[in-house]
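Since the structure comes first, as structure tokens, the remarks are kept for the end.
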Amino acid sequence: MAVTVKIPTQLRAATGGDAEVEVSGATVGEVLDAVFDAHGDLRERITQDGDLRRFVNVYVSGEDIRFQQGLDTVVGESDEVTILPAVAGG
Amino acid sequence: MSVESLRCKECGEAYELGASYACERCFGPLEVRYDHSGLDAAEVKRRIQAGSQGIWRYADFLPFTGRPQDPLEPGLTPLVKADRLAERLGLEAEVWVKNDAANPTHSFKDRVVAVAVAKAQELGFKTVACASTGNLANAVAAHAAAAGLESYVLVPANLEEQKLLATGIYGTNLVGVRGNYDDVNRLCTQLAETRPWAFVNVNLRPYYAEGSKTLAYETAEQLGWELPDRVVCPIASGSLFTKVARGFEEWTELGLVSGEQPVFNGAQAQGCSPVATAFAEGWDVCKPQKPETIAKSLAIGDPADGPYAVEQARSSGGAIDSVDDEEIRAGIRLLAETTGIFTETAGGVTVGVLAKLAERGDIGAGERIVLYITGEGLKTLDATRDSFQMHEIDSDLDSFESEFDHQEVVA
């Protein structure tokens, strides 16, 4: 099942400039693992000890995964996974 | 000018002074770094005292290479001694109120926006934008108008009417988003990737945040170049709270003031208290919340600087407390009755937390406390409705006498 993952500007050096990555996975964790498999540099940039770093936000179709099941949040076919810096606003 | 670079607050990676805000290595927030080693304290003090009557007097500590431009210069707002407020709370402490409603658009946001808009111009932007809970919207629309820049202001569509009116009037592109502030913020973070605009609190956030330090500088200057013992400050994103602390530290490092750093007490609304919760639970991250509070200007459920605000409260020996809607209304009323200052709901939160600290016995006799009142009561009128009764009478003496017959008369 193909899921589109939106890559923010700050991470595009690690994806060869790509703003979107297509991968497979049934949960956010699986989707991110698939992204890391394709672009190894990304793992260290946004995760630490298996968890998301504290200034990384991930959304599934606009909804923050921390209001859902975190990395276990289920991702459907039409869902879009968005990674964004958490350091804006206020 | 001593501004040096942008630096990641988490991993220390350095970046050029451009429109960027998140570290490419670890996603941490970028912060402006200065080299103050060339500054002489006596000379800086003289420069400040001979400077403009607003925040540009502190240009040595702001992120500009040239002279900042902003026709609506905010700052030098009154610091008022509030003896009757202290008395009502049973405090034998010296309580001061920093009334930042006395800014061009009636909130502390004029400080951060003046810095961000001046920086946007320095960087060559023609359009400024923001995600706002209201006060920022007013400030961005006004400062953009004053500077002749185009602006886009994105807010939750259900904002207080006063804040919408006081934004649209400046001729901005006012966008009401169906969602809460965190939804607006996410949208702006995405827009900042595709639009060539200066989002003051997204891609210009490192500069914008620096404006809050001026509240600390003014406080110290107005107290006769001394530090307060304690501050009580509202927390939304946590940026104001941490930058006020940074301002006091910078002046101490330079030798402009001396002594212990103030104790920092943070104030949140119970209906949106991710930072107070993280403090109480001993977490080093904030769990996001869906806000449900009358203090809409503090309704950020996912606060960007939350972890740093928690650290600041802990390391200074302070705390972060929250108050409910009734305590917020009571706080607005108490401040108005004892100081003549009419604040918005965020100010009610701050006063409410001061009352809580007083009740808990956290405040020592003789302490000097500064309360940061960040916004204006006329912007949140709903919060004060039904808090008093008007005497309605006919236009004759009898009608007045019968309403006030218990009052003394001359003859």
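Ordering of the structure tokens sets the chain letters (A, B, ...), residue numbers begin anew at 1 in every chain, and ligands are numbered from 1 in the order given.
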For segment 29-42 of chain A, work out the shell of residues within 9 Å, counting only C-alpha atoms and skipping chain neighbours fewer than 2 positions away, then give it as a list in words.
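Contacts, in chain order: Val3, Val5, Leu11, Ala14, Thr15, Gly16, Val21, Glu22, Val23, Ser24, Gly25, Ala26, Thr27, Glu44, Arg45, Ile46, Thr47, Gly70, Leu71, Asp72, Thr73, Val75 and Val81 of chain A.
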Report as a list in words the set of chain B residues whose atoms approach chain A to within 6 Å, with distances computed over only C-alpha atoms.
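That gives Glu24, Arg25, Cys26, Phe27, Gly28, Pro29, Asn185, Asn201, Val202, Ser237 and Ala304 of chain B for chain B.
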Please list as a PyMOL selection string every residue within 12 Å of Thr214 of chain B, counting only C-alpha atoms and excluding residues in the same chain fewer than 3 positions away.
chain B and resi 48+54-62+74-77+100+108-112+114-115+208-211+217-222+240+243-248+250-251
Would you put the residues from that selection into a file with N, CA and C atoms, as a tab-separated table (two decimals), in the first residue's frame?
```
chain	number	residue	atom	x	y	z
B	48	ILE	N	21.93	53.47	25.81
B	48	ILE	CA	20.52	53.16	26.09
B	48	ILE	C	19.80	54.41	26.58
B	54	GLY	N	11.74	53.87	23.13
B	54	GLY	CA	11.11	52.60	22.78
B	54	GLY	C	12.17	51.53	22.70
B	55	ILE	N	11.82	50.39	22.08
B	55	ILE	CA	12.72	49.23	22.13
B	55	ILE	C	14.01	49.41	21.35
B	56	TRP	N	14.07	50.36	20.41
B	56	TRP	CA	15.32	50.48	19.64
B	56	TRP	C	16.45	51.02	20.50
B	57	ARG	N	16.12	51.52	21.71
B	57	ARG	CA	17.20	51.94	22.62
B	57	ARG	C	18.06	50.73	23.01
B	58	TYR	N	17.53	49.52	22.82
B	58	TYR	CA	18.26	48.30	23.18
B	58	TYR	C	18.87	47.62	21.96
B	59	ALA	N	19.15	48.40	20.92
B	59	ALA	CA	19.60	47.83	19.64
B	59	ALA	C	20.87	46.98	19.78
B	60	ASP	N	21.68	47.26	20.78
B	60	ASP	CA	22.89	46.45	20.99
B	60	ASP	C	22.57	44.98	21.23
B	61	PHE	N	21.33	44.72	21.67
B	61	PHE	CA	20.95	43.35	22.05
B	61	PHE	C	19.91	42.78	21.09
B	62	LEU	N	19.76	43.41	19.95
B	62	LEU	CA	18.76	42.94	18.99
B	62	LEU	C	19.46	42.51	17.69
B	74	PRO	N	7.37	50.25	19.51
B	74	PRO	CA	6.72	49.95	20.79
B	74	PRO	C	7.71	50.12	21.96
B	75	GLY	N	7.23	49.81	23.13
B	75	GLY	CA	8.13	49.74	24.28
B	75	GLY	C	8.05	50.92	25.23
B	76	LEU	N	8.91	50.87	26.24
B	76	LEU	CA	8.90	51.80	27.37
B	76	LEU	C	7.48	51.98	27.92
B	77	THR	N	6.84	50.87	28.14
B	77	THR	CA	5.50	50.87	28.73
B	77	THR	C	5.62	51.07	30.24
B	100	ASP	N	1.99	46.14	29.58
B	100	ASP	CA	2.34	46.10	28.16
B	100	ASP	C	1.15	46.22	27.23
B	108	PHE	N	1.97	42.97	24.14
B	108	PHE	CA	3.43	42.81	24.05
B	108	PHE	C	3.87	42.35	22.66
B	109	LYS	N	2.93	41.89	21.85
B	109	LYS	CA	3.28	41.38	20.52
B	109	LYS	C	3.88	42.46	19.63
B	110	ASP	N	3.63	43.74	19.96
B	110	ASP	CA	4.25	44.81	19.18
B	110	ASP	C	5.77	44.72	19.25
B	111	ARG	N	6.30	44.25	20.36
B	111	ARG	CA	7.75	44.15	20.53
B	111	ARG	C	8.34	43.13	19.54
B	112	VAL	N	7.78	41.93	19.55
B	112	VAL	CA	8.31	40.87	18.70
B	112	VAL	C	8.07	41.17	17.22
B	114	ALA	N	7.71	44.22	15.83
B	114	ALA	CA	8.58	45.32	15.39
B	114	ALA	C	9.94	44.76	14.97
B	115	VAL	N	10.46	43.84	15.77
B	115	VAL	CA	11.77	43.24	15.46
B	115	VAL	C	11.66	42.38	14.19
B	208	TYR	N	12.14	37.27	15.74
B	208	TYR	CA	10.89	37.66	16.41
B	208	TYR	C	11.00	37.45	17.92
B	209	ALA	N	11.44	36.27	18.31
B	209	ALA	CA	11.51	35.94	19.74
B	209	ALA	C	12.43	36.89	20.50
B	210	GLU	N	13.44	37.41	19.83
B	210	GLU	CA	14.39	38.33	20.49
B	210	GLU	C	13.70	39.58	21.02
B	211	GLY	N	12.60	39.98	20.37
B	211	GLY	CA	11.88	41.18	20.80
B	211	GLY	C	11.39	41.10	22.23
B	217	TYR	N	14.75	44.02	29.71
B	217	TYR	CA	15.62	45.20	29.77
B	217	TYR	C	14.88	46.38	30.40
B	218	GLU	N	13.65	46.59	29.92
B	218	GLU	CA	12.87	47.73	30.46
B	218	GLU	C	12.60	47.57	31.94
B	219	THR	N	12.27	46.35	32.34
B	219	THR	CA	11.99	46.11	33.75
B	219	THR	C	13.20	46.49	34.59
B	220	ALA	N	14.37	46.01	34.19
B	220	ALA	CA	15.59	46.30	34.95
B	220	ALA	C	15.88	47.80	34.94
B	221	GLU	N	15.74	48.42	33.78
B	221	GLU	CA	16.03	49.85	33.69
B	221	GLU	C	15.05	50.65	34.56
B	222	GLN	N	13.77	50.29	34.50
B	222	GLN	CA	12.75	51.04	35.25
B	222	GLN	C	12.85	50.79	36.75
B	240	LEU	N	8.02	33.97	25.25
B	240	LEU	CA	8.13	35.17	26.09
B	240	LEU	C	8.83	34.82	27.42
B	243	LYS	N	12.52	34.09	26.92
B	243	LYS	CA	13.31	35.23	26.43
B	243	LYS	C	13.42	36.34	27.47
B	244	VAL	N	12.43	36.50	28.32
B	244	VAL	CA	12.56	37.47	29.42
B	244	VAL	C	13.72	37.02	30.32
B	245	ALA	N	13.78	35.73	30.57
B	245	ALA	CA	14.90	35.19	31.37
B	245	ALA	C	16.23	35.47	30.69
B	246	ARG	N	16.26	35.25	29.38
B	246	ARG	CA	17.50	35.47	28.63
B	246	ARG	C	17.93	36.94	28.71
B	247	GLY	N	16.97	37.85	28.66
B	247	GLY	CA	17.26	39.28	28.75
B	247	GLY	C	17.95	39.63	30.07
B	248	PHE	N	17.41	39.12	31.16
B	248	PHE	CA	18.03	39.38	32.46
B	248	PHE	C	19.45	38.78	32.52
B	250	GLU	N	21.53	38.19	29.98
B	250	GLU	CA	22.46	38.95	29.14
B	250	GLU	C	22.98	40.19	29.86
B	251	TRP	N	22.08	40.90	30.52
B	251	TRP	CA	22.50	42.13	31.20
B	251	TRP	C	23.36	41.82	32.42
```
Given the choices A:Val28, A:Leu52, A:Asp18, A:Gln68, which gets closest to Glu80 of chain A if the distance is worked out from only C-alpha atoms?
A:Val28
Enumerate, as JSON, numbers by chain, the complete set of residues in segment 18-89 of chain A that a backbone-based DSSP assignment places in strand (DSSP E).
{"A": [20, 21, 22, 23, 24, 47, 48, 51, 52, 56, 57, 58, 59, 60, 63, 64, 80, 81, 82, 83, 84, 85]}
Taking C-alpha atoms for each residue, export the selection above as an mmCIF file, in the first residue's frame.
```
data_model
loop_
_atom_site.group_PDB
_atom_site.id
_atom_site.type_symbol
_atom_site.label_atom_id
_atom_site.label_comp_id
_atom_site.auth_asym_id
_atom_site.auth_seq_id
_atom_site.Cartn_x
_atom_site.Cartn_y
_atom_site.Cartn_z
ATOM 1 C CA GLU A 20 7.581 13.758 -1.283
ATOM 2 C CA VAL A 21 8.483 10.126 -0.790
ATOM 3 C CA GLU A 22 6.232 7.179 -1.678
ATOM 4 C CA VAL A 23 6.576 4.167 0.618
ATOM 5 C CA SER A 24 4.549 1.272 2.007
ATOM 6 C CA THR A 47 14.663 10.077 15.755
ATOM 7 C CA GLN A 48 16.676 9.347 18.859
ATOM 8 C CA ASP A 51 11.546 7.662 19.327
ATOM 9 C CA LEU A 52 10.826 10.860 17.466
ATOM 10 C CA VAL A 56 9.536 16.746 15.396
ATOM 11 C CA ASN A 57 5.811 16.694 14.647
ATOM 12 C CA VAL A 58 4.180 14.042 12.486
ATOM 13 C CA TYR A 59 0.644 14.346 11.129
ATOM 14 C CA VAL A 60 -1.566 11.796 9.427
ATOM 15 C CA GLU A 63 -4.004 15.238 12.653
ATOM 16 C CA ASP A 64 -1.066 15.202 15.089
ATOM 17 C CA GLU A 80 -0.803 11.594 3.721
ATOM 18 C CA VAL A 81 1.954 11.584 6.345
ATOM 19 C CA THR A 82 3.518 15.001 6.996
ATOM 20 C CA ILE A 83 6.721 15.638 8.930
ATOM 21 C CA LEU A 84 7.168 19.196 10.239
ATOM 22 C CA PRO A 85 9.410 21.045 12.678
#
```
Residue among B:Ala346, B:Leu223, B:Leu256, B:Val370 lying closest to Gln268 of chain B, counting only C-alpha atoms:
B:Ala346
Compile the contact shell of Gly364 of chain B as a list in words: residues with an atom at most 10 Å away, counting only C-alpha atoms, same-chain residues fewer than 5 positions apart removed.
Leu91, Glu92, Ala93, Asp229 and Ala358 of chain B
Enumerate the residues of segment 11-41 of chain A with a DSSP assignment of helix (DSSP H, G or I), computed from the backbone, and present them as a VMD selection string.
chain A and resid 11 to 15 28 to 38 41
Shortest interatomic distance to Ala355 of chain B - which of B:Gly318, B:Gly66, B:Gly331, B:Gly238, counting only C-alpha atoms
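Of B:Gly318, B:Gly66, B:Gly331, B:Gly238, the one nearest Ala355 of chain B is B:Gly331, counting only C-alpha atoms.
Picture a line from atom CA of Ser273 of chain B to atom CA of Ala157 of chain B; it runs 21.7 Å.
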Nearest-residue call for Leu164 of chain B, choices B:Gln261, B:Asp302, B:Val113, B:Lys379, using only C-alpha atoms:
B:Lys379
Just how far from atom CA of Leu72 of chain B is atom CA of Ala131 of chain B, in Å to one decimal?
20.7 Å
Neighbour list for Tyr34 of chain B as an MDAnalysis selection string, cut-off 8 Å, only C-alpha atoms, skip fewer than 2 positions in-chain:
chainID B and resid 2:5 32 36 61
Please produce an output containing N, CA and C atoms for each residue in the selection, written as a CSV table (one decimal), in the first residue's frame.
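Ended up saving to selection-v2.csv:
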```csv
chain,number,residue,atom,x,y,z
B,2,SER,N,26.6,43.5,17.4
B,2,SER,CA,27.3,42.3,17.9
B,2,SER,C,26.6,41.0,17.5
B,3,VAL,N,25.6,41.1,16.6
B,3,VAL,CA,24.9,39.8,16.2
B,3,VAL,C,25.8,39.0,15.4
B,4,GLU,N,25.8,37.7,15.6
B,4,GLU,CA,26.8,36.8,15.0
B,4,GLU,C,26.3,35.8,14.1
B,5,SER,N,25.3,34.9,14.5
B,5,SER,CA,24.9,33.8,13.7
B,5,SER,C,23.6,33.3,14.3
B,32,VAL,N,19.3,33.3,17.9
B,32,VAL,CA,20.3,34.3,17.5
B,32,VAL,C,21.4,34.3,18.5
B,36,HIS,N,29.1,39.7,22.6
B,36,HIS,CA,29.0,41.0,23.4
B,36,HIS,C,30.4,41.3,24.0
B,61,PHE,N,21.3,44.7,21.7
B,61,PHE,CA,21.0,43.3,22.0
B,61,PHE,C,19.9,42.8,21.1
```
